[in-house]
Amino acid sequence: MEYHEFLKRKEFKALPSGMADLPELSKNLFPHQRDVVNFLLRAGRGAAFLDTGLGKTLVELEWARCIVEHINKPVIFFAPLAVGLQHQREGQRFGIDVTLARGQGDINGAGIYITNYERLGKFDRQSFGGIVLDESSIVKSFNGKISRGLMEFSNDMHWRLAATATPAPNDHMELGQHSQFTGAMASNEMLARFFIADQKQMGKYRLKRHGVKPFWSWVASWARCVGKPSDMGYEDHGYNLPRLHEHMHLVETDMTEGAAEGELFRITNTNATGIHKEKRLTANDRAAKIAEVVSAEPDEPWMIWVETDYDAEAIMRLLPDAIEVNGKMPPEMKEERLNAFTNGDIKQLVSKPSIAGYGLNWQHCARTAFVGLSFSYEMYYQAIRRFYRFGQQREVHAHIAMAETELAIWQTIKRKRDEHETMKREMFDAMKREVLEKHVKHAYQPTENAQLPNWL
């Protein structure tokens, strides 16, 4: 046995369990989308990690349509709040029937039924033959209520699809949860096989150095990770984003406020408790700067992000025309206000990334502002990507207000962004290895001379 054959046998791949004979797909699919849908139909249980604007929604809907026709049973489609109506409109645009469902009573025969994650407990899992998770990074939490519920809900379903634009922006563990959801490998087995606890990083898991390529090749056996069509071997024409401008506004703050007894100025800590205390002291200053920036362009639609309730209160006092969406509102009111901003009926919207930062397409807006940031790079990335996505025709301006005492947050965001870009390059390189080599036609190189048959 040759050494390269020995290594080939050592490779670990998820086995496909889907369709052998693929149906005819919609002519509305772009070539890279068609390849992804075909792969997912063959896989049966897989993931689509398509960057924002690459047509993830159409991929999900077309996959679900094919599954419904194949098994003649309902497929349930979970999405973030207010995204269901957006997906229903997308389905109508491409001739795919999608029904909004609030509970089991809305399920009536085979079809695609879309609901939001908060309504998970209102459905009978035995009624469905397939499941789609839109913005599936929600499964990242090992012990989260929704994550556990989704794992249990889909456990015995043959047809499963998870789709998100950014798997594990700064933590490979999220891929383990996706792997477990799709049935490719249990999360703890993935960690044992490909990862090692790095004691220099307080036990944080990292990929074994010799296992980087095998890991991403394994991921490529059950997922498609696409940043641009060229990752699938196609031209990138039409998929070049305009510029993103990040404007950092450092606000001055009174350092004597909150100073300990006997000290002239307060001493700030960079831990979570210290930063939270500091942000409360600087909330009004940060809100004033963002209100000034927003008021300078009153004709532009603005999405204003806050991290805390006191940030929201501070900015709402300064922008009387702004409309807020917060966690205390009933789901119906949240959906109504988010859709009103989508339709242009609301000019200035205030909310948290945890509420409105996932799934919504807001290319009509090219102005966004952060009254403050958390240490979560994913929240920042997802908030920006509501506007900065393929299909955006204008340059996007993101304004961030911070006090100098909070700069540790921005340094953390930048570090995680670098990690994210490194991870994406590894994912996309793996896709190119797995996908493009199947399209390469090797020149015929005979090793023996051809012989004419005796009868000639």
# chains A, B, ... in the order shown; residues from 1 in each chain; ligands from 1
call {"tool": "closest_atom_pairs", "arguments": {"of": "stretch 209-239 of chain A", "to": "stretch 31-50 of chain A", "cutoff": "7 Å", "atoms": "only C-alpha atoms", "output": "CSV"}}
result
residue,atom,partner,partner_atom,distance
A:Trp222,CA,A:Gly46,CA,5.0
A:Ala223,CA,A:Ala47,CA,4.5
A:Arg224,CA,A:Ala48,CA,5.2
A:Cys225,CA,A:Phe49,CA,4.6
A:Val226,CA,A:Leu50,CA,4.9
A:Gly227,CA,A:Leu50,CA,6.3
A:Pro229,CA,A:His32,CA,5.7
A:Met232,CA,A:His32,CA,6.0
A:Tyr234,CA,A:His32,CA,7.0
call {"tool": "write_last_selection", "arguments": {"atoms": "N, CA, C and O atoms", "output": "PDB file, in the first residue's frame"}}
result
ATOM      1  N   TRP A 222     -19.971  17.402   5.564  1.00  0.00           N
ATOM      2  CA  TRP A 222     -21.368  17.577   5.967  1.00  0.00           C
ATOM      3  C   TRP A 222     -21.831  19.029   5.892  1.00  0.00           C
ATOM      4  O   TRP A 222     -22.999  19.328   6.197  1.00  0.00           O
ATOM      5  N   ALA A 223     -20.964  19.939   5.458  1.00  0.00           N
ATOM      6  CA  ALA A 223     -21.336  21.356   5.379  1.00  0.00           C
ATOM      7  C   ALA A 223     -20.692  21.991   4.163  1.00  0.00           C
ATOM      8  O   ALA A 223     -19.692  21.502   3.628  1.00  0.00           O
ATOM      9  N   ARG A 224     -21.286  23.091   3.739  1.00  0.00           N
ATOM     10  CA  ARG A 224     -20.699  23.916   2.695  1.00  0.00           C
ATOM     11  C   ARG A 224     -20.475  25.310   3.270  1.00  0.00           C
ATOM     12  O   ARG A 224     -21.419  25.957   3.746  1.00  0.00           O
ATOM     13  N   CYS A 225     -19.212  25.755   3.265  1.00  0.00           N
ATOM     14  CA  CYS A 225     -18.825  27.063   3.791  1.00  0.00           C
ATOM     15  C   CYS A 225     -18.439  27.943   2.609  1.00  0.00           C
ATOM     16  O   CYS A 225     -17.446  27.653   1.927  1.00  0.00           O
ATOM     17  N   VAL A 226     -19.186  28.991   2.359  1.00  0.00           N
ATOM     18  CA  VAL A 226     -18.982  29.790   1.156  1.00  0.00           C
ATOM     19  C   VAL A 226     -18.921  31.270   1.517  1.00  0.00           C
ATOM     20  O   VAL A 226     -19.850  31.801   2.128  1.00  0.00           O
ATOM     21  N   GLY A 227     -17.809  31.923   1.154  1.00  0.00           N
ATOM     22  CA  GLY A 227     -17.666  33.364   1.357  1.00  0.00           C
ATOM     23  C   GLY A 227     -17.967  34.144   0.104  1.00  0.00           C
ATOM     24  O   GLY A 227     -18.529  35.233   0.152  1.00  0.00           O
ATOM     25  N   PRO A 229     -18.814  33.192  -4.449  1.00  0.00           N
ATOM     26  CA  PRO A 229     -19.033  32.098  -5.408  1.00  0.00           C
ATOM     27  C   PRO A 229     -17.749  31.422  -5.864  1.00  0.00           C
ATOM     28  O   PRO A 229     -17.756  30.239  -6.198  1.00  0.00           O
ATOM     29  N   MET A 232     -16.732  28.062  -4.711  1.00  0.00           N
ATOM     30  CA  MET A 232     -17.353  26.906  -5.355  1.00  0.00           C
ATOM     31  C   MET A 232     -16.929  26.776  -6.810  1.00  0.00           C
ATOM     32  O   MET A 232     -17.491  25.975  -7.557  1.00  0.00           O
ATOM     33  N   TYR A 234     -16.871  29.407  -9.139  1.00  0.00           N
ATOM     34  CA  TYR A 234     -17.602  30.286 -10.049  1.00  0.00           C
ATOM     35  C   TYR A 234     -17.079  31.720  -9.975  1.00  0.00           C
ATOM     36  O   TYR A 234     -16.329  32.075  -9.070  1.00  0.00           O
TER      37      TYR A 234
END
call {"tool": "residues_around", "arguments": {"residues": "stretch 148-159 of chain A", "least_positions_apart": "4", "cutoff": "7 Å", "atoms": "only C-alpha atoms", "output": "list of chain:residue names"}}
result
A:Gly44, A:Arg45, A:Arg125, A:Gly129, A:Gly130, A:Ile131, A:Asn143, A:Gly144, A:Phe181
call {"tool": "write_last_selection", "arguments": {"atoms": "C-alpha atoms", "output": "PDB file, in the first residue's frame"}}
result
ATOM      1  CA  GLY A  44     -29.753  14.468   3.981  1.00  0.00           C
ATOM      2  CA  ARG A  45     -28.530  16.134   7.169  1.00  0.00           C
ATOM      3  CA  ARG A 125     -42.240  17.040  16.450  1.00  0.00           C
ATOM      4  CA  GLY A 129     -40.462  14.936   8.375  1.00  0.00           C
ATOM      5  CA  GLY A 130     -37.795  17.631   8.203  1.00  0.00           C
ATOM      6  CA  ILE A 131     -36.455  20.690   9.979  1.00  0.00           C
ATOM      7  CA  ASN A 143     -26.883  24.090  28.012  1.00  0.00           C
ATOM      8  CA  GLY A 144     -29.226  26.704  26.557  1.00  0.00           C
ATOM      9  CA  PHE A 181     -27.526  18.651  15.283  1.00  0.00           C
TER      10      PHE A 181
END
call {"tool": "select_by_dssp", "arguments": {"residues": "stretch 72-140 of chain A", "states": "alpha helix (DSSP H)", "output": "number ranges by chain"}}
result
A: 83-93
call {"tool": "write_last_selection", "arguments": {"atoms": "N, CA and C atoms", "output": "short mmCIF file (atom, residue, chain, number, x, y, z; two decimals), in the first residue's frame"}}
result
data_model
loop_
_atom_site.label_atom_id
_atom_site.label_comp_id
_atom_site.auth_asym_id
_atom_site.auth_seq_id
_atom_site.Cartn_x
_atom_site.Cartn_y
_atom_site.Cartn_z
N VAL A 83 -38.31 37.43 11.14
CA VAL A 83 -37.68 37.00 9.90
C VAL A 83 -38.63 36.13 9.07
N GLY A 84 -39.61 35.50 9.74
CA GLY A 84 -40.53 34.61 9.05
C GLY A 84 -41.26 35.29 7.91
N LEU A 85 -41.78 36.49 8.15
CA LEU A 85 -42.50 37.21 7.10
C LEU A 85 -41.57 37.55 5.95
N GLN A 86 -40.35 37.89 6.26
CA GLN A 86 -39.34 38.19 5.23
C GLN A 86 -39.10 36.96 4.36
N HIS A 87 -38.99 35.78 4.98
CA HIS A 87 -38.78 34.55 4.23
C HIS A 87 -40.02 34.17 3.43
N GLN A 88 -41.19 34.44 3.98
CA GLN A 88 -42.41 34.16 3.23
C GLN A 88 -42.47 34.99 1.95
N ARG A 89 -42.09 36.27 2.04
CA ARG A 89 -42.05 37.12 0.85
C ARG A 89 -41.02 36.60 -0.15
N GLU A 90 -39.88 36.11 0.36
CA GLU A 90 -38.85 35.54 -0.51
C GLU A 90 -39.39 34.31 -1.22
N GLY A 91 -40.15 33.49 -0.49
CA GLY A 91 -40.74 32.31 -1.12
C GLY A 91 -41.72 32.69 -2.22
N GLN A 92 -42.58 33.68 -1.96
CA GLN A 92 -43.53 34.14 -2.98
C GLN A 92 -42.80 34.65 -4.22
N ARG A 93 -41.69 35.32 -4.00
CA ARG A 93 -40.91 35.86 -5.11
C ARG A 93 -40.42 34.76 -6.05
#
call {"tool": "closest_residue", "arguments": {"among": "A:Gly121, A:Ala186, A:Ile76, A:Val212", "to": "A:Glu426", "atoms": "only C-alpha atoms"}}
result
A:Val212
call {"tool": "residues_around", "arguments": {"residues": "stretch 315-321 of chain A", "least_positions_apart": "6", "cutoff": "8 Å", "atoms": "only C-alpha atoms", "output": "PDB file with C-alpha atoms, in the first residue's frame"}}
result
ATOM      1  CA  ASN A 284     -25.224  59.638  28.804  1.00  0.00           C
ATOM      2  CA  ALA A 287     -25.725  58.592  23.868  1.00  0.00           C
ATOM      3  CA  ALA A 288     -25.156  62.323  23.356  1.00  0.00           C
ATOM      4  CA  ILE A 290     -24.594  59.173  18.825  1.00  0.00           C
ATOM      5  CA  ALA A 291     -27.605  61.512  18.942  1.00  0.00           C
ATOM      6  CA  GLN A 348     -34.845  55.558  13.401  1.00  0.00           C
ATOM      7  CA  VAL A 350     -33.331  51.427  18.569  1.00  0.00           C
ATOM      8  CA  VAL A 371     -24.258  53.549  21.666  1.00  0.00           C
TER       9      VAL A 371
END
call {"tool": "residues_around", "arguments": {"residues": "A:Leu175", "least_positions_apart": "6", "cutoff": "10 Å", "atoms": "only C-alpha atoms", "output": "list in words"}}
result
Ala47, Ser137, Val139, Lys140, Pro167, Ala168, Phe181, Ser187, Met190 and Val219 of chain A
call {"tool": "residues_around", "arguments": {"residues": "A:Pro242", "least_positions_apart": "4", "cutoff": "8 Å", "atoms": "only C-alpha atoms", "output": "JSON, numbers by chain"}}
result
{"A": [392, 393, 394, 395, 396]}
call {"tool": "atom_distance", "arguments": {"atom1": "atom CA of A:Lys13", "atom2": "atom CA of A:Val68"}}
result
27.1 Å
call {"tool": "closest_atom_pairs", "arguments": {"of": "stretch 2-87 of chain A", "to": "stretch 378-391 of chain A", "cutoff": "9 Å", "atoms": "only C-alpha atoms", "output": "CSV"}}
result
residue,atom,partner,partner_atom,distance
A:Asp51,CA,A:Arg389,CA,8.3
A:Thr52,CA,A:Arg389,CA,5.3
A:Gly53,CA,A:Phe390,CA,4.2
A:Leu54,CA,A:Phe390,CA,6.7
call {"tool": "atom_distance", "arguments": {"atom1": "atom CA of A:Pro301", "atom2": "atom CA of A:Glu135"}}
result
24.4 Å
call {"tool": "select_by_dssp", "arguments": {"residues": "stretch 108-233 of chain A", "states": "strand (DSSP E)", "output": "PyMOL selection string"}}
result
chain A and resi 112-116+130-134+159-164+195-198+204-207+223-226
call {"tool": "closest_residue", "arguments": {"among": "A:Ala192, A:Leu81, A:Val306, A:Ile96", "to": "A:Leu25", "atoms": "only C-alpha atoms"}}
result
A:Ile96
call {"tool": "closest_residue", "arguments": {"among": "A:Asn72, A:Ser376, A:Thr282, A:Thr422", "to": "A:Ala401", "atoms": "only C-alpha atoms"}}
result
A:Thr282
call {"tool": "closest_residue", "arguments": {"among": "A:Asp285, A:Glu332, A:Asp97, A:Asp309", "to": "A:Ala82", "atoms": "only C-alpha atoms"}}
result
A:Glu332
call {"tool": "closest_residue", "arguments": {"among": "A:Leu22, A:Pro331, A:Ile146, A:Arg243", "to": "A:Arg102", "atoms": "only C-alpha atoms"}}
result
A:Pro331
call {"tool": "atom_distance", "arguments": {"atom1": "atom CA of A:Trp216", "atom2": "atom CA of A:Phe194"}}
result
10.0 Å
